[in-house]
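A.B. asks: Dumping the structure here so I can ask a few things about it.
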Amino acid sequence: GAIISKDCKRISENSAMDYIGGYCLALDMTARDFQNEAKSKGNPWTFAKMFDTSLPVSDFIPKDKVTDPADLSLWCKVNGELRQNGHTKDMIFSLPYLVAHISQYFTLQEGDLILTGTPAGVGPVQEGDVITGGLADIVEIAFKVEQ
């Protein structure tokens, strides 16, 4: 994820990185059972994103610790089994594009966190599973899934 360092609105892609203050590793979890039930009833599925351990976030990573955010490996394991192994160079949209695009519609404020996507391999987890994730050799996080 990218963390905004100062307020911005309607910025250009060329200036977008001037508004990044640092980074983090985050895992954006979804309770698919809640999501599928809500969607089948035509209801919003907000609660599928709101449960204990639904969004673990690493400590803040200063901008100067990341030489090139478009050149980082990232991985995720569940109970020690590798589930996701990707690279930021494979992202559909670049970080400057995402920041600039979002700023066309919303004012981004200092401290806002932008989650940038996930590699292939998303799959089910169970309560009690231990999930670990890493971003290059910069940061690692681990947590137990709770419901």
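By order in the structure tokens, chains are A, B, ...; within a chain, residues start at 1; ligands start at 1, following the order shown.
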Can you check which parts of segment 10-40 of chain A lie within 10 Å of segment 108-112 of chain A? Per residue, the shortest pair of atoms and distance in Å to one decimal, counting only C-alpha atoms, sorted by chain and number, as a Markdown table.
C.D. replies:
| residue | atom | partner | partner_atom | distance |
| --- | --- | --- | --- | --- |
| A:Arg10 | CA | A:Leu108 | CA | 9.4 |
| A:Tyr19 | CA | A:Glu110 | CA | 8.6 |
| A:Ile20 | CA | A:Glu110 | CA | 9.2 |
| A:Gly21 | CA | A:Gly111 | CA | 8.5 |
| A:Gly22 | CA | A:Gly111 | CA | 9.5 |
A.B. asks: Okay, now the selection with C-alpha atoms, as a PDB file, in the first residue's frame?
C.D. replies:
ATOM      1  CA  ARG A  10      -6.697  16.542  -9.306  1.00  0.00           C
ATOM      2  CA  TYR A  19       2.482  12.936  -2.607  1.00  0.00           C
ATOM      3  CA  ILE A  20       3.673   9.527  -1.435  1.00  0.00           C
ATOM      4  CA  GLY A  21       5.193   9.640   2.035  1.00  0.00           C
ATOM      5  CA  GLY A  22       5.815   5.941   2.495  1.00  0.00           C
TER       6      GLY A  22
END
A.B. asks: So that I can see what lies close to Ile102 of chain A, please list as a PyMOL selection string the residues with an atom at most 10 Å from it, counting only C-alpha atoms and leaving out residues fewer than 5 positions away in the same chain.
C.D. replies: chain A and resi 8-11+97+107-108+114
A.B. asks: Could you give me, as a list in words, the residues within 10 Å of Met17 of chain A, counting only C-alpha atoms and dropping anything in the same chain fewer than 6 positions from it?
C.D. replies: Ala2, Ile4, Ser5, Lys63, Leu95, Pro96, Tyr97, Val99 and Ala100 of chain A
A.B. asks: Kindly save the residues from that selection, with N, CA and C atoms included, as a PDB file, in the first residue's frame.
C.D. replies:
ATOM      1  N   ALA A   2       0.298   2.320  -0.421  1.00  0.00           N
ATOM      2  CA  ALA A   2       0.982   3.616  -0.439  1.00  0.00           C
ATOM      3  C   ALA A   2       0.296   4.553   0.553  1.00  0.00           C
ATOM      4  N   ILE A   4      -0.277   8.470   1.727  1.00  0.00           N
ATOM      5  CA  ILE A   4      -0.242   9.847   1.230  1.00  0.00           C
ATOM      6  C   ILE A   4       0.428  10.755   2.269  1.00  0.00           C
ATOM      7  N   SER A   5       1.312  11.640   1.790  1.00  0.00           N
ATOM      8  CA  SER A   5       2.081  12.511   2.693  1.00  0.00           C
ATOM      9  C   SER A   5       1.488  13.906   2.857  1.00  0.00           C
ATOM     10  N   LYS A  63       9.556   6.256   2.714  1.00  0.00           N
ATOM     11  CA  LYS A  63       9.717   6.293   1.253  1.00  0.00           C
ATOM     12  C   LYS A  63      11.147   5.980   0.827  1.00  0.00           C
ATOM     13  N   LEU A  95       1.546   2.838  -9.647  1.00  0.00           N
ATOM     14  CA  LEU A  95       1.218   3.648  -8.475  1.00  0.00           C
ATOM     15  C   LEU A  95       0.959   5.110  -8.855  1.00  0.00           C
ATOM     16  N   PRO A  96       1.787   5.743  -9.682  1.00  0.00           N
ATOM     17  CA  PRO A  96       1.472   7.127 -10.061  1.00  0.00           C
ATOM     18  C   PRO A  96       0.104   7.252 -10.744  1.00  0.00           C
ATOM     19  N   TYR A  97      -0.232   6.287 -11.594  1.00  0.00           N
ATOM     20  CA  TYR A  97      -1.538   6.325 -12.253  1.00  0.00           C
ATOM     21  C   TYR A  97      -2.663   6.232 -11.217  1.00  0.00           C
ATOM     22  N   VAL A  99      -2.704   6.956  -7.949  1.00  0.00           N
ATOM     23  CA  VAL A  99      -2.816   8.154  -7.111  1.00  0.00           C
ATOM     24  C   VAL A  99      -3.439   9.296  -7.903  1.00  0.00           C
ATOM     25  N   ALA A 100      -2.957   9.529  -9.110  1.00  0.00           N
ATOM     26  CA  ALA A 100      -3.498  10.613  -9.936  1.00  0.00           C
ATOM     27  C   ALA A 100      -4.973  10.369 -10.253  1.00  0.00           C
TER      28      ALA A 100
END
A.B. asks: Neighbouring residues of segment 47-58 of chain A were defined as those with any atom within 9 Å, considering only C-alpha atoms; residues of the same chain fewer than 5 positions away were excluded. Please report them as a VMD selection string.
C.D. replies: chain A and resid 1 24 to 36 38 139 to 147
A.B. asks: By how many Å are atom CA of Ser40 of chain A and atom CA of Ile92 of chain A apart?
C.D. replies: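 Answer for the atom CA of Ser40 of chain A to atom CA of Ile92 of chain A separation: 28.7 Å.
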A.B. asks: Please extract the residues of chain A with a backbone DSSP assignment of alpha helix (DSSP H) and present them as number ranges by chain.
C.D. replies: A: 32-40, 95-103
A.B. asks: Which parts of chain A does DSSP call strand (DSSP E or B) when run on the backbone here, written out as a PyMOL selection string?
C.D. replies: chain A and resi 2-4+8+20-23+26+57+61-62+73-78+81-87+108+113-114+130-135+139-144
A.B. asks: Restricting it to N, CA and C atoms, dump the selection as a compact mmCIF listing (two decimals), in the first residue's frame.
C.D. replies:
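To be explicit, this is the file written out as out_2.txt:
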# COMPACT_ATOMS: atom_id res chain seq x y z
N ALA A 2 0.30 2.32 -0.42
CA ALA A 2 0.98 3.62 -0.44
C ALA A 2 0.30 4.55 0.55
N ILE A 3 1.09 5.35 1.24
CA ILE A 3 0.56 6.28 2.24
C ILE A 3 0.80 7.70 1.77
N ILE A 4 -0.28 8.47 1.73
CA ILE A 4 -0.24 9.85 1.23
C ILE A 4 0.43 10.76 2.27
N CYS A 8 -3.95 16.23 -1.59
CA CYS A 8 -3.86 16.44 -3.04
C CYS A 8 -5.22 16.20 -3.69
N ILE A 20 3.49 10.79 -2.16
CA ILE A 20 3.67 9.53 -1.44
C ILE A 20 4.70 9.75 -0.32
N GLY A 21 4.29 9.46 0.90
CA GLY A 21 5.19 9.64 2.03
C GLY A 21 5.86 8.35 2.48
N GLY A 22 5.27 7.23 2.09
CA GLY A 22 5.82 5.94 2.50
C GLY A 22 4.90 4.82 2.04
N TYR A 23 5.18 3.66 2.58
CA TYR A 23 4.48 2.46 2.13
C TYR A 23 4.14 1.57 3.31
N ALA A 26 -0.17 -4.57 3.37
CA ALA A 26 -1.51 -4.78 3.93
C ALA A 26 -2.16 -5.97 3.23
N VAL A 57 -2.19 -4.47 8.71
CA VAL A 57 -1.29 -3.52 8.04
C VAL A 57 0.05 -3.53 8.78
N ILE A 61 6.58 2.11 6.29
CA ILE A 61 7.87 1.97 5.61
C ILE A 61 8.21 3.33 5.00
N PRO A 62 9.25 4.00 5.48
CA PRO A 62 9.60 5.31 4.91
C PRO A 62 9.89 5.21 3.41
N SER A 73 9.21 -7.64 -5.01
CA SER A 73 8.52 -8.93 -4.92
C SER A 73 7.60 -8.90 -3.70
N LEU A 74 6.51 -9.65 -3.77
CA LEU A 74 5.62 -9.78 -2.64
C LEU A 74 5.06 -11.19 -2.61
N TRP A 75 4.80 -11.69 -1.42
CA TRP A 75 4.34 -13.05 -1.26
C TRP A 75 3.40 -13.18 -0.08
N CYS A 76 2.63 -14.27 -0.08
CA CYS A 76 1.72 -14.56 1.02
C CYS A 76 1.66 -16.07 1.22
N LYS A 77 1.76 -16.49 2.48
CA LYS A 77 1.66 -17.90 2.83
C LYS A 77 0.51 -18.09 3.82
N VAL A 78 -0.15 -19.23 3.73
CA VAL A 78 -1.17 -19.62 4.69
C VAL A 78 -0.69 -20.92 5.33
N GLU A 81 2.20 -22.55 3.65
CA GLU A 81 2.06 -22.91 2.23
C GLU A 81 2.00 -21.64 1.38
N LEU A 82 2.89 -21.53 0.40
CA LEU A 82 2.92 -20.36 -0.47
C LEU A 82 1.64 -20.31 -1.30
N ARG A 83 0.88 -19.22 -1.17
CA ARG A 83 -0.37 -19.04 -1.93
C ARG A 83 -0.24 -17.97 -2.99
N GLN A 84 0.54 -16.95 -2.70
CA GLN A 84 0.72 -15.84 -3.64
C GLN A 84 2.20 -15.51 -3.73
N ASN A 85 2.67 -15.32 -4.95
CA ASN A 85 4.05 -14.95 -5.18
C ASN A 85 4.05 -14.05 -6.41
N GLY A 86 4.21 -12.76 -6.21
CA GLY A 86 4.09 -11.83 -7.32
C GLY A 86 5.14 -10.74 -7.29
N HIS A 87 4.91 -9.77 -8.14
CA HIS A 87 5.86 -8.68 -8.30
C HIS A 87 5.09 -7.41 -8.66
N LEU A 108 -7.34 13.38 -1.60
CA LEU A 108 -6.53 12.49 -0.77
C LEU A 108 -5.89 13.33 0.31
N LEU A 113 -4.42 5.79 3.08
CA LEU A 113 -3.76 4.57 2.62
C LEU A 113 -4.45 4.09 1.34
N ILE A 114 -3.65 3.88 0.31
CA ILE A 114 -4.17 3.36 -0.96
C ILE A 114 -3.66 1.94 -1.12
N VAL A 130 -2.83 -19.23 10.07
CA VAL A 130 -1.80 -18.21 10.25
C VAL A 130 -1.36 -17.74 8.87
N ILE A 131 -1.52 -16.45 8.63
CA ILE A 131 -1.15 -15.87 7.34
C ILE A 131 0.11 -15.03 7.55
N THR A 132 1.08 -15.25 6.67
CA THR A 132 2.29 -14.43 6.67
C THR A 132 2.44 -13.81 5.29
N GLY A 133 2.98 -12.63 5.26
CA GLY A 133 3.19 -11.94 3.99
C GLY A 133 4.47 -11.15 4.04
N GLY A 134 5.04 -10.90 2.87
CA GLY A 134 6.27 -10.14 2.82
C GLY A 134 6.36 -9.25 1.60
N LEU A 135 7.11 -8.19 1.74
CA LEU A 135 7.38 -7.25 0.66
C LEU A 135 8.90 -7.17 0.52
N VAL A 139 9.83 -5.86 4.65
CA VAL A 139 8.91 -6.05 5.77
C VAL A 139 8.20 -7.40 5.64
N GLU A 140 7.85 -7.95 6.80
CA GLU A 140 7.06 -9.17 6.88
C GLU A 140 6.00 -8.97 7.94
N ILE A 141 4.82 -9.53 7.71
CA ILE A 141 3.77 -9.49 8.71
C ILE A 141 3.23 -10.91 8.91
N ALA A 142 2.65 -11.16 10.07
CA ALA A 142 2.03 -12.45 10.35
C ALA A 142 0.84 -12.20 11.28
N PHE A 143 -0.23 -12.95 11.06
CA PHE A 143 -1.40 -12.84 11.93
C PHE A 143 -2.24 -14.11 11.82
N LYS A 144 -3.04 -14.31 12.85
CA LYS A 144 -3.95 -15.45 12.91
C LYS A 144 -5.34 -14.96 12.50
